[in-house]
Every structure is written in structure tokens, then in C-alpha cells.
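**Student:** My file is entry_38.txt. It has compact mmCIF, N, CA and C atoms:
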```txt
# COMPACT_ATOMS: atom_id res chain seq x y z
N MET A 91 65.22 162.00 99.76
CA MET A 91 66.21 161.38 100.64
C MET A 91 66.91 162.44 101.48
N THR A 92 67.02 163.63 100.93
CA THR A 92 67.64 164.71 101.69
C THR A 92 66.85 165.00 102.96
N ARG A 93 65.53 164.98 102.84
CA ARG A 93 64.69 165.21 104.04
C ARG A 93 64.86 164.06 105.03
N ALA A 94 64.99 162.84 104.55
CA ALA A 94 65.21 161.69 105.44
C ALA A 94 66.54 161.84 106.17
N LEU A 95 67.55 162.37 105.49
CA LEU A 95 68.84 162.62 106.16
C LEU A 95 68.68 163.64 107.28
N GLY A 96 67.86 164.65 107.06
CA GLY A 96 67.59 165.62 108.12
C GLY A 96 66.93 164.98 109.33
N LEU A 97 66.02 164.05 109.07
CA LEU A 97 65.37 163.32 110.17
C LEU A 97 66.37 162.42 110.88
N ALA A 98 67.30 161.84 110.12
CA ALA A 98 68.35 161.01 110.73
C ALA A 98 69.20 161.85 111.68
N ARG A 99 69.44 163.08 111.31
CA ARG A 99 70.23 163.97 112.18
C ARG A 99 69.49 164.28 113.47
N ARG A 100 68.16 164.29 113.42
CA ARG A 100 67.37 164.47 114.65
C ARG A 100 67.61 163.30 115.59
N ALA A 101 67.64 162.09 115.02
CA ALA A 101 67.91 160.89 115.83
C ALA A 101 69.30 161.01 116.43
N GLU A 102 70.27 161.38 115.61
CA GLU A 102 71.66 161.51 116.09
C GLU A 102 71.76 162.52 117.23
N GLY A 103 71.06 163.63 117.10
CA GLY A 103 71.06 164.65 118.14
C GLY A 103 70.52 164.16 119.47
N ALA A 104 69.68 163.13 119.41
CA ALA A 104 69.11 162.54 120.63
C ALA A 104 69.92 161.34 121.11
N GLY A 105 71.07 161.09 120.47
CA GLY A 105 71.91 159.97 120.87
C GLY A 105 71.48 158.63 120.30
N GLU A 106 70.59 158.66 119.32
CA GLU A 106 70.09 157.45 118.67
C GLU A 106 70.90 157.19 117.40
N VAL A 107 70.87 155.96 116.92
CA VAL A 107 71.49 155.64 115.64
C VAL A 107 70.80 156.51 114.57
N PRO A 108 71.57 157.24 113.77
CA PRO A 108 70.98 158.22 112.85
C PRO A 108 70.33 157.60 111.61
N VAL A 109 69.07 157.25 111.75
CA VAL A 109 68.28 156.77 110.63
C VAL A 109 66.99 157.59 110.60
N GLY A 110 66.64 158.06 109.43
CA GLY A 110 65.42 158.84 109.25
C GLY A 110 64.58 158.26 108.13
N ALA A 111 63.27 158.48 108.21
CA ALA A 111 62.36 157.94 107.20
C ALA A 111 61.16 158.86 107.02
N LEU A 112 60.65 158.90 105.80
CA LEU A 112 59.41 159.61 105.54
C LEU A 112 58.60 158.86 104.50
N LEU A 113 57.30 159.00 104.62
CA LEU A 113 56.36 158.34 103.72
C LEU A 113 55.69 159.41 102.88
N VAL A 114 55.68 159.20 101.57
CA VAL A 114 55.14 160.18 100.63
C VAL A 114 54.08 159.51 99.77
N ARG A 115 53.00 160.24 99.56
CA ARG A 115 51.96 159.79 98.63
C ARG A 115 51.51 160.99 97.81
N ASN A 116 51.47 160.82 96.51
CA ASN A 116 51.06 161.90 95.61
C ASN A 116 51.84 163.19 95.86
N GLY A 117 53.13 163.05 96.11
CA GLY A 117 53.98 164.22 96.29
C GLY A 117 53.88 164.90 97.65
N GLU A 118 53.08 164.36 98.56
CA GLU A 118 52.91 164.95 99.89
C GLU A 118 53.45 164.01 100.96
N VAL A 119 54.13 164.58 101.94
CA VAL A 119 54.61 163.79 103.08
C VAL A 119 53.41 163.47 103.95
N ILE A 120 53.18 162.18 104.18
CA ILE A 120 52.06 161.78 105.03
C ILE A 120 52.53 161.20 106.36
N GLY A 121 53.83 161.00 106.50
CA GLY A 121 54.37 160.51 107.76
C GLY A 121 55.87 160.63 107.77
N GLU A 122 56.41 160.83 108.96
CA GLU A 122 57.87 160.89 109.10
C GLU A 122 58.28 160.35 110.45
N GLY A 123 59.53 159.91 110.52
CA GLY A 123 60.03 159.38 111.77
C GLY A 123 61.54 159.25 111.75
N TRP A 124 62.09 158.98 112.90
CA TRP A 124 63.53 158.78 113.05
C TRP A 124 63.71 157.78 114.17
N ASN A 125 64.88 157.17 114.21
CA ASN A 125 65.15 156.17 115.23
C ASN A 125 64.97 156.76 116.62
N CYS A 126 64.27 156.04 117.48
CA CYS A 126 64.13 156.49 118.87
C CYS A 126 63.86 155.32 119.82
N PRO A 127 64.46 154.14 119.59
CA PRO A 127 64.21 153.04 120.53
C PRO A 127 64.79 153.28 121.91
N ILE A 128 65.91 153.99 122.01
CA ILE A 128 66.52 154.25 123.31
C ILE A 128 65.64 155.21 124.11
N GLY A 129 65.31 156.33 123.51
CA GLY A 129 64.51 157.34 124.20
C GLY A 129 63.10 156.89 124.53
N GLN A 130 62.53 156.06 123.68
CA GLN A 130 61.16 155.59 123.93
C GLN A 130 61.12 154.24 124.65
N HIS A 131 62.29 153.68 124.93
CA HIS A 131 62.33 152.36 125.58
C HIS A 131 61.47 151.37 124.82
N ASP A 132 61.68 151.37 123.49
CA ASP A 132 60.83 150.58 122.61
C ASP A 132 61.69 149.99 121.49
N PRO A 133 61.94 148.68 121.52
CA PRO A 133 62.79 148.08 120.49
C PRO A 133 62.21 148.18 119.08
N SER A 134 60.93 148.46 118.97
CA SER A 134 60.32 148.58 117.65
C SER A 134 60.32 150.01 117.12
N ALA A 135 60.87 150.96 117.84
CA ALA A 135 60.81 152.37 117.45
C ALA A 135 61.89 152.73 116.42
N HIS A 136 61.97 151.93 115.36
CA HIS A 136 62.87 152.25 114.25
C HIS A 136 62.25 153.38 113.43
N ALA A 137 63.06 154.06 112.65
CA ALA A 137 62.60 155.19 111.85
C ALA A 137 61.42 154.81 110.95
N GLU A 138 61.52 153.65 110.30
CA GLU A 138 60.45 153.23 109.39
C GLU A 138 59.14 153.01 110.14
N ILE A 139 59.22 152.36 111.28
CA ILE A 139 58.02 152.10 112.08
C ILE A 139 57.40 153.42 112.54
N MET A 140 58.24 154.34 112.97
CA MET A 140 57.73 155.64 113.43
C MET A 140 57.05 156.40 112.29
N ALA A 141 57.63 156.33 111.08
CA ALA A 141 57.02 156.99 109.92
C ALA A 141 55.70 156.31 109.54
N LEU A 142 55.66 154.98 109.60
CA LEU A 142 54.42 154.27 109.31
C LEU A 142 53.34 154.61 110.34
N ARG A 143 53.72 154.65 111.60
CA ARG A 143 52.74 155.00 112.66
C ARG A 143 52.19 156.41 112.44
N ASP A 144 53.10 157.35 112.13
CA ASP A 144 52.69 158.73 111.90
C ASP A 144 51.72 158.82 110.72
N ALA A 145 52.05 158.15 109.62
CA ALA A 145 51.20 158.18 108.44
C ALA A 145 49.85 157.51 108.71
N ALA A 146 49.86 156.38 109.40
CA ALA A 146 48.62 155.68 109.70
C ALA A 146 47.69 156.54 110.55
N ARG A 147 48.27 157.25 111.53
CA ARG A 147 47.46 158.16 112.36
C ARG A 147 46.86 159.28 111.51
N ARG A 148 47.71 159.89 110.70
CA ARG A 148 47.24 161.01 109.87
C ARG A 148 46.18 160.56 108.86
N GLU A 149 46.40 159.40 108.26
CA GLU A 149 45.49 158.88 107.24
C GLU A 149 44.29 158.15 107.84
N ARG A 150 44.38 157.88 109.13
CA ARG A 150 43.34 157.13 109.84
C ARG A 150 43.09 155.77 109.17
N ASN A 151 44.23 155.13 108.81
CA ASN A 151 44.17 153.83 108.15
C ASN A 151 45.54 153.18 108.27
N TYR A 152 45.58 151.93 108.66
CA TYR A 152 46.87 151.24 108.76
C TYR A 152 47.37 150.77 107.41
N ARG A 153 46.55 150.80 106.40
CA ARG A 153 46.96 150.48 105.03
C ARG A 153 47.36 151.79 104.35
N LEU A 154 48.50 151.76 103.69
CA LEU A 154 49.03 152.97 103.07
C LEU A 154 49.38 152.71 101.60
N PRO A 155 48.42 152.23 100.81
CA PRO A 155 48.71 151.91 99.42
C PRO A 155 49.08 153.18 98.63
N GLY A 156 49.88 152.97 97.60
CA GLY A 156 50.27 154.10 96.76
C GLY A 156 51.34 154.98 97.38
N SER A 157 51.91 154.55 98.49
CA SER A 157 52.90 155.38 99.17
C SER A 157 54.32 154.89 98.89
N THR A 158 55.26 155.81 99.07
CA THR A 158 56.68 155.50 98.94
C THR A 158 57.36 155.86 100.25
N LEU A 159 58.13 154.93 100.76
CA LEU A 159 58.90 155.16 101.99
C LEU A 159 60.34 155.45 101.60
N TYR A 160 60.83 156.60 102.04
CA TYR A 160 62.24 156.97 101.87
C TYR A 160 62.92 156.78 103.21
N VAL A 161 64.00 156.02 103.25
CA VAL A 161 64.69 155.75 104.50
C VAL A 161 66.20 155.72 104.24
N THR A 162 66.96 156.22 105.19
CA THR A 162 68.40 156.37 105.00
C THR A 162 69.18 155.07 105.09
N LEU A 163 68.58 154.02 105.65
CA LEU A 163 69.24 152.73 105.79
C LEU A 163 68.29 151.62 105.34
N GLU A 164 68.82 150.63 104.68
CA GLU A 164 68.02 149.49 104.24
C GLU A 164 67.21 148.92 105.42
N PRO A 165 65.91 148.71 105.23
CA PRO A 165 65.08 148.20 106.32
C PRO A 165 65.51 146.83 106.83
N CYS A 166 65.30 146.62 108.12
CA CYS A 166 65.57 145.33 108.77
C CYS A 166 64.35 144.42 108.56
N PRO A 167 64.43 143.16 108.96
CA PRO A 167 63.28 142.26 108.79
C PRO A 167 62.00 142.73 109.50
N MET A 168 62.14 143.29 110.70
CA MET A 168 60.96 143.78 111.42
C MET A 168 60.28 144.88 110.61
N CYS A 169 61.06 145.83 110.14
CA CYS A 169 60.50 146.94 109.39
C CYS A 169 59.95 146.47 108.05
N ALA A 170 60.63 145.52 107.42
CA ALA A 170 60.13 144.97 106.15
C ALA A 170 58.75 144.37 106.34
N GLY A 171 58.56 143.64 107.43
CA GLY A 171 57.25 143.07 107.71
C GLY A 171 56.17 144.13 107.86
N ALA A 172 56.49 145.18 108.57
CA ALA A 172 55.52 146.27 108.75
C ALA A 172 55.23 146.97 107.43
N ILE A 173 56.24 147.14 106.60
CA ILE A 173 56.07 147.77 105.29
C ILE A 173 55.13 146.93 104.42
N VAL A 174 55.31 145.63 104.44
CA VAL A 174 54.44 144.74 103.66
C VAL A 174 53.01 144.81 104.19
N HIS A 175 52.84 144.74 105.51
CA HIS A 175 51.49 144.78 106.09
C HIS A 175 50.79 146.11 105.83
N ALA A 176 51.55 147.19 105.75
CA ALA A 176 50.97 148.51 105.49
C ALA A 176 50.66 148.71 104.01
N ARG A 177 51.11 147.79 103.18
CA ARG A 177 50.89 147.86 101.73
C ARG A 177 51.59 149.06 101.09
N VAL A 178 52.77 149.39 101.61
CA VAL A 178 53.58 150.44 101.00
C VAL A 178 53.95 149.96 99.60
N GLU A 179 53.86 150.84 98.63
CA GLU A 179 54.11 150.45 97.25
C GLU A 179 55.59 150.37 96.91
N ARG A 180 56.36 151.31 97.47
CA ARG A 180 57.77 151.41 97.07
C ARG A 180 58.62 151.84 98.25
N VAL A 181 59.83 151.30 98.32
CA VAL A 181 60.82 151.72 99.32
C VAL A 181 62.06 152.20 98.59
N VAL A 182 62.51 153.39 98.96
CA VAL A 182 63.75 153.95 98.44
C VAL A 182 64.67 154.11 99.64
N PHE A 183 65.82 153.44 99.61
CA PHE A 183 66.72 153.56 100.76
C PHE A 183 68.10 154.00 100.32
N GLY A 184 68.85 154.53 101.31
CA GLY A 184 70.19 155.04 101.06
C GLY A 184 71.25 153.97 101.20
N ALA A 185 71.74 153.80 102.42
CA ALA A 185 72.85 152.87 102.68
C ALA A 185 72.34 151.43 102.77
N PHE A 186 73.12 150.51 102.20
CA PHE A 186 72.83 149.09 102.36
C PHE A 186 73.27 148.66 103.75
N ASP A 187 72.57 147.68 104.33
CA ASP A 187 72.91 147.15 105.65
C ASP A 187 73.41 145.72 105.51
N PRO A 188 74.74 145.53 105.44
CA PRO A 188 75.28 144.19 105.22
C PRO A 188 75.14 143.24 106.40
N LYS A 189 74.67 143.75 107.54
CA LYS A 189 74.51 142.89 108.71
C LYS A 189 73.06 142.45 108.94
N GLY A 190 72.10 143.23 108.46
CA GLY A 190 70.71 142.87 108.74
C GLY A 190 69.70 143.40 107.75
N GLY A 191 70.15 143.85 106.60
CA GLY A 191 69.23 144.41 105.61
C GLY A 191 68.26 143.37 105.06
N ALA A 192 67.01 143.78 104.88
CA ALA A 192 65.98 142.85 104.41
C ALA A 192 65.43 143.23 103.04
N ALA A 193 66.20 144.05 102.30
CA ALA A 193 65.77 144.42 100.95
C ALA A 193 66.81 143.99 99.94
N GLY A 194 67.50 142.89 100.25
CA GLY A 194 68.44 142.33 99.31
C GLY A 194 69.84 142.08 99.83
N SER A 195 70.25 142.79 100.87
CA SER A 195 71.62 142.62 101.38
C SER A 195 71.82 141.28 102.08
N VAL A 196 71.03 141.03 103.10
CA VAL A 196 71.12 139.78 103.87
C VAL A 196 69.87 138.94 103.62
N PHE A 197 68.73 139.58 103.72
CA PHE A 197 67.44 138.94 103.46
C PHE A 197 66.81 139.62 102.25
N ASP A 198 65.92 138.93 101.60
CA ASP A 198 65.26 139.48 100.42
C ASP A 198 63.75 139.46 100.63
N LEU A 199 63.30 140.12 101.68
CA LEU A 199 61.88 140.07 102.04
C LEU A 199 61.01 141.01 101.22
N LEU A 200 61.52 142.19 100.91
CA LEU A 200 60.66 143.17 100.26
C LEU A 200 60.43 142.92 98.77
N PRO A 201 61.46 142.84 97.98
CA PRO A 201 61.16 142.81 96.55
C PRO A 201 60.72 141.46 95.99
N SER A 202 61.09 140.36 96.64
CA SER A 202 60.88 139.13 95.88
C SER A 202 60.33 137.95 96.66
N ASP A 203 59.98 138.09 97.90
CA ASP A 203 59.50 136.92 98.63
C ASP A 203 58.06 136.61 98.21
N ALA A 204 57.91 135.57 97.42
CA ALA A 204 56.62 135.22 96.85
C ALA A 204 55.62 134.71 97.89
N ARG A 205 56.08 134.46 99.10
CA ARG A 205 55.16 133.98 100.13
C ARG A 205 54.26 135.09 100.65
N PHE A 206 54.64 136.34 100.44
CA PHE A 206 53.79 137.46 100.86
C PHE A 206 52.74 137.73 99.79
N ASN A 207 51.61 138.25 100.24
CA ASN A 207 50.56 138.59 99.28
C ASN A 207 50.69 140.02 98.76
N HIS A 208 51.77 140.69 99.13
CA HIS A 208 52.03 142.05 98.65
C HIS A 208 53.52 142.17 98.33
N ARG A 209 53.83 142.75 97.22
CA ARG A 209 55.23 142.96 96.83
C ARG A 209 55.52 144.45 96.85
N VAL A 210 56.74 144.77 97.20
CA VAL A 210 57.18 146.16 97.30
C VAL A 210 58.29 146.39 96.29
N VAL A 211 58.19 147.47 95.55
CA VAL A 211 59.25 147.88 94.64
C VAL A 211 60.35 148.50 95.47
N VAL A 212 61.61 148.14 95.21
CA VAL A 212 62.72 148.64 96.02
C VAL A 212 63.78 149.28 95.14
N ASP A 213 64.22 150.46 95.56
CA ASP A 213 65.35 151.15 94.93
C ASP A 213 66.34 151.47 96.04
N GLY A 214 67.50 150.83 95.98
CA GLY A 214 68.51 151.04 97.02
C GLY A 214 69.70 151.81 96.52
N GLY A 215 70.43 152.39 97.46
CA GLY A 215 71.66 153.09 97.14
C GLY A 215 71.49 154.55 96.78
N VAL A 216 70.32 155.13 97.06
CA VAL A 216 70.08 156.54 96.76
C VAL A 216 70.76 157.40 97.84
N LEU A 217 71.67 158.25 97.42
CA LEU A 217 72.51 159.04 98.35
C LEU A 217 73.21 158.13 99.35
N ALA A 218 73.62 156.97 98.88
CA ALA A 218 74.24 155.96 99.75
C ALA A 218 75.48 156.48 100.45
N THR A 219 76.29 157.27 99.77
CA THR A 219 77.52 157.78 100.38
C THR A 219 77.19 158.68 101.57
N ALA A 220 76.29 159.62 101.39
CA ALA A 220 75.91 160.53 102.48
C ALA A 220 75.25 159.78 103.63
N CYS A 221 74.36 158.86 103.30
CA CYS A 221 73.67 158.09 104.34
C CYS A 221 74.64 157.20 105.10
N GLY A 222 75.52 156.53 104.37
CA GLY A 222 76.50 155.65 105.00
C GLY A 222 77.50 156.41 105.85
N GLU A 223 77.93 157.57 105.36
CA GLU A 223 78.92 158.35 106.12
C GLU A 223 78.32 158.87 107.43
N LEU A 224 77.07 159.25 107.42
CA LEU A 224 76.42 159.69 108.66
C LEU A 224 76.44 158.56 109.69
N LEU A 225 76.14 157.36 109.26
CA LEU A 225 76.16 156.21 110.17
C LEU A 225 77.59 155.89 110.63
N ARG A 226 78.54 155.86 109.69
CA ARG A 226 79.93 155.55 110.06
C ARG A 226 80.48 156.58 111.04
N ALA A 227 80.22 157.86 110.80
CA ALA A 227 80.70 158.91 111.71
C ALA A 227 80.09 158.74 113.10
N PHE A 228 78.82 158.40 113.16
CA PHE A 228 78.15 158.20 114.44
C PHE A 228 78.83 157.08 115.22
N PHE A 229 79.06 155.95 114.58
CA PHE A 229 79.66 154.81 115.27
C PHE A 229 81.13 155.05 115.59
N ARG A 230 81.84 155.79 114.74
CA ARG A 230 83.24 156.16 115.07
C ARG A 230 83.28 156.99 116.34
N SER A 231 82.38 157.97 116.44
CA SER A 231 82.37 158.83 117.63
C SER A 231 81.97 158.04 118.87
N ARG A 232 81.09 157.06 118.71
CA ARG A 232 80.70 156.23 119.87
C ARG A 232 81.87 155.38 120.33
N ARG A 233 82.62 154.83 119.38
CA ARG A 233 83.78 154.00 119.75
C ARG A 233 84.84 154.85 120.44
N ARG A 234 85.05 156.07 119.96
CA ARG A 234 86.03 156.96 120.61
C ARG A 234 85.60 157.30 122.02
N GLY A 235 84.30 157.53 122.21
CA GLY A 235 83.79 157.86 123.52
C GLY A 235 83.83 156.71 124.50
N ALA A 236 83.80 155.50 123.97
CA ALA A 236 83.80 154.31 124.81
C ALA A 236 85.21 153.93 125.29
N SER A 237 86.23 154.46 124.62
CA SER A 237 87.59 154.07 125.00
C SER A 237 88.20 155.00 126.03
```
In C-alpha cells, how does this file's structure come out?
**Tutor:**
Amino acid sequence: MTRALGLARRAEGAGEVPVGALLVRNGEVIGEGWNCPIGQHDPSAHAEIMALRDAARRERNYRLPGSTLYVTLEPCPMCAGAIVHARVERVVFGAFDPKGGAAGSVFDLLPSDARFNHRVVVDGGVLATACGELLRAFFRSRRRGAS
């Protein structure tokens, strides 16, 4: 999660919401990403999607079984769908997202939706204080700049 926080800081440095993600399999990083929808003019360019794209390119396969995704913020419904389709085995996230989280906060798509043919193990709240504070500080500074 510490490495994901570093990736989140890359997003923050680019003026993006500071969320970072990395995909690990057998102890090796196979993909990483950070939020960049503003810079890429792409609403789907969330950290998780970018990490999945990176891993899929490196692995030359859109299926990523046996992998664990570490992300600083609870995935949204869009990212949860991509995680399920990629067959990610486990998601470990930092801060809970009470407005749009899809791993138990608002929606429960990853761990328990029986309508999917793939289930994902979820561990939330890992380094939640550090992950949440990075996001809160970012939005505080944006509000100050807007006034």
C-alpha cells in the first residue's frame, strides 16, 4: 500500500485526484497506475483501470488470475466491473469511499454479488488514515484555491 500511496502522489502532482494502484502476482508488480482522467481526457482513466491496462499489456492477457490489486481508495462501480472481468483474485484498498465505493461502502459488487461468475476477496481499510488524509488534504487545497 505504501507503493500505491507513492503512485497517488504522482497523480496529485499532475493535478489529479490522488489515487494510486498496483497489481501484484507472486510477489512481483505486474502493473501500476494512478488517476489521470483529466490529463488523458478519459473518464475511465482511474488508477485501477490504468494498473489493469498496464498489467494486461505486460502479461499479454486481459485475464489476470492470481493477482492482487492494491489501491488507495475503494474502487468505484466502473473499476469493480473491470476488476471482475480481469479475474483479479484479491483487492486491498486503503480509504473507504462513502459516496461511490463498490466494495461494501455504497455498493457491494466485489465481494458478494452472486450474479457475477467471479468473486473477488476484499480487504479494506489498509493504511486508511494515510490514504484518506492524502485525499482530504487534496480536496481542502482545491477548495481553498477555488475561493
**Student:** Interatomic distance between atom N of A:Arg93 and atom N of A:Val216?
**Tutor:**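 Atom-to-atom, atom N of A:Arg93 and atom N of A:Val216 are spaced 12.4 Å apart.
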**Student:** Find the spatial neighbours of A:Thr158, counting only N, CA and C atoms, within a cut-off of 8 Å - ignore same-chain residues fewer than 3 positions away - and output them as a list in words.
**Tutor:** Leu112, Leu113, Val114, Arg115, Asn116, Leu154, Pro155, Val161, Arg177, Val178, Glu179, Arg180, Val181 and Val182 of chain A
**Student:** Please produce a file of the residues just selected, as an mmCIF file, in the coordinates of the input, where the atoms kept are N, CA and C atoms.
**Tutor:**
```cif
data_model
loop_
_atom_site.group_PDB
_atom_site.id
_atom_site.type_symbol
_atom_site.label_atom_id
_atom_site.label_comp_id
_atom_site.auth_asym_id
_atom_site.auth_seq_id
_atom_site.Cartn_x
_atom_site.Cartn_y
_atom_site.Cartn_z
ATOM 1 N N LEU A 112 60.650 158.900 105.800
ATOM 2 C CA LEU A 112 59.410 159.610 105.540
ATOM 3 C C LEU A 112 58.600 158.860 104.500
ATOM 4 N N LEU A 113 57.300 159.000 104.620
ATOM 5 C CA LEU A 113 56.360 158.340 103.720
ATOM 6 C C LEU A 113 55.690 159.410 102.880
ATOM 7 N N VAL A 114 55.680 159.200 101.570
ATOM 8 C CA VAL A 114 55.140 160.180 100.630
ATOM 9 C C VAL A 114 54.080 159.510 99.770
ATOM 10 N N ARG A 115 53.000 160.240 99.560
ATOM 11 C CA ARG A 115 51.960 159.790 98.630
ATOM 12 C C ARG A 115 51.510 160.990 97.810
ATOM 13 N N ASN A 116 51.470 160.820 96.510
ATOM 14 C CA ASN A 116 51.060 161.900 95.610
ATOM 15 C C ASN A 116 51.840 163.190 95.860
ATOM 16 N N LEU A 154 48.500 151.760 103.690
ATOM 17 C CA LEU A 154 49.030 152.970 103.070
ATOM 18 C C LEU A 154 49.380 152.710 101.600
ATOM 19 N N PRO A 155 48.420 152.230 100.810
ATOM 20 C CA PRO A 155 48.710 151.910 99.420
ATOM 21 C C PRO A 155 49.080 153.180 98.630
ATOM 22 N N VAL A 161 64.000 156.020 103.250
ATOM 23 C CA VAL A 161 64.690 155.750 104.500
ATOM 24 C C VAL A 161 66.200 155.720 104.240
ATOM 25 N N ARG A 177 51.110 147.790 103.180
ATOM 26 C CA ARG A 177 50.890 147.860 101.730
ATOM 27 C C ARG A 177 51.590 149.060 101.090
ATOM 28 N N VAL A 178 52.770 149.390 101.610
ATOM 29 C CA VAL A 178 53.580 150.440 101.000
ATOM 30 C C VAL A 178 53.950 149.960 99.600
ATOM 31 N N GLU A 179 53.860 150.840 98.630
ATOM 32 C CA GLU A 179 54.110 150.450 97.250
ATOM 33 C C GLU A 179 55.590 150.370 96.910
ATOM 34 N N ARG A 180 56.360 151.310 97.470
ATOM 35 C CA ARG A 180 57.770 151.410 97.070
ATOM 36 C C ARG A 180 58.620 151.840 98.250
ATOM 37 N N VAL A 181 59.830 151.300 98.320
ATOM 38 C CA VAL A 181 60.820 151.720 99.320
ATOM 39 C C VAL A 181 62.060 152.200 98.590
ATOM 40 N N VAL A 182 62.510 153.390 98.960
ATOM 41 C CA VAL A 182 63.750 153.950 98.440
ATOM 42 C C VAL A 182 64.670 154.110 99.640
#
```
**Student:** When distances are computed from only C-alpha atoms, which of A:Gly103, A:Gly214, A:Gly194, A:Gly121 shows the smallest separation from A:Arg150?
**Tutor:**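 Checking each of A:Gly103, A:Gly214, A:Gly194, A:Gly121 against A:Arg150, counting only C-alpha atoms, the winner is A:Gly121.
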**Student:** Pick out the residues sitting within 8 Å of stretch 196-203 of chain A, and hand them over as a list in words; count all atoms listed in the file, and ignore anything fewer than 2 positions along from it in its own chain.
**Tutor:**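 My list of contacting residues is Pro167, Ala170, Gly171, Ile173, Val174, Phe186, Asp187, Pro188, Lys189, Gly190, Gly191, Ala192, Ala193, Gly194, Arg205, Phe206, Asn207, His208, Arg209, Val210, Val211 and Val212 of chain A.
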**Student:** Check stretch 104-196 of chain A with DSSP on the backbone and list each residue it calls strand (DSSP E or B), as a VMD selection string.
**Tutor:** chain A and resid 110 to 115 118 to 124 158 to 163 180 to 185 193
**Student:** Please indicate the distance in Å from atom CA of A:Val119 to atom CA of A:His131, rounded to one decimal place.
**Tutor:**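 Going from atom CA of A:Val119 over to atom CA of A:His131, I get 26.4 Å.
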**Student:** For A:Ala218, work out the shell of residues within 7 Å, counting only N, CA and C atoms and skipping chain neighbours fewer than 6 positions away, then give it as a PDB file with N, CA and C atoms, keeping the file's coordinate frame.
**Tutor:**
```pdb
ATOM      1  N   PHE A 183      65.820 153.440  99.610  1.00  0.00           N
ATOM      2  CA  PHE A 183      66.720 153.560 100.760  1.00  0.00           C
ATOM      3  C   PHE A 183      68.100 154.000 100.320  1.00  0.00           C
ATOM      4  N   GLY A 184      68.850 154.530 101.310  1.00  0.00           N
ATOM      5  CA  GLY A 184      70.190 155.040 101.060  1.00  0.00           C
ATOM      6  C   GLY A 184      71.250 153.970 101.200  1.00  0.00           C
ATOM      7  N   ALA A 185      71.740 153.800 102.420  1.00  0.00           N
ATOM      8  CA  ALA A 185      72.850 152.870 102.680  1.00  0.00           C
ATOM      9  C   ALA A 185      72.340 151.430 102.770  1.00  0.00           C
ATOM     10  N   PHE A 186      73.120 150.510 102.200  1.00  0.00           N
ATOM     11  CA  PHE A 186      72.830 149.090 102.360  1.00  0.00           C
ATOM     12  C   PHE A 186      73.270 148.660 103.750  1.00  0.00           C
TER      13      PHE A 186
END
```
**Student:** Quick one, how far is atom N of A:Ser157 from atom CA of A:Cys221?
**Tutor:**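 Here the two named atoms are 22.8 Å from each other.
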**Student:** Out of A:Gly105, A:Gly156, A:Pro165, A:Gly110, which residue has the shortest atom-to-atom distance to A:Glu122 when counting only C-alpha atoms?
**Tutor:**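 Between A:Gly105, A:Gly156, A:Pro165, A:Gly110, the residue approaching A:Glu122 most closely is A:Gly110.
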**Student:** Name the residues of stretch 121-172 of chain A that come out as alpha helix (DSSP H) in a backbone DSSP run; write them as an MDAnalysis selection string.
**Tutor:** chainID A and resid 127:130 137:149 167:172
**Student:** Which one is closest to A:Asn151: A:Ala104, A:Met91, A:Ile120, A:Ala227? Count only C-alpha atoms.
**Tutor:**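 When distances to A:Asn151 are compared using only C-alpha atoms, the smallest one comes from A:Ile120.
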**Student:** So that all listed atoms of stretch 217-233 of chain A fit with 6 Å spare on each side, what axis-aligned box centre and edge lengths in Å, to one decimal, would you give as AutoDock Vina command-line options?
**Tutor:**
```
--center_x 78.3 --center_y 157.3 --center_z 108.9 --size_x 25.2 --size_y 18.5 --size_z 35.0
```
**Student:** Ranking A:Thr162, A:Asp213, A:Arg230, A:Arg147 by minimum distance to A:Thr92 and counting only C-alpha atoms, which one comes first?
**Tutor:**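 Between A:Thr162, A:Asp213, A:Arg230, A:Arg147, the residue approaching A:Thr92 most closely is A:Thr162.
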**Student:** Ranking A:Glu138, A:Glu118, A:Asp144, A:Glu102 by minimum distance to A:Cys166 and counting only C-alpha atoms, which one comes first?
**Tutor:**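 Smallest separation from A:Cys166 among the options: A:Glu138.
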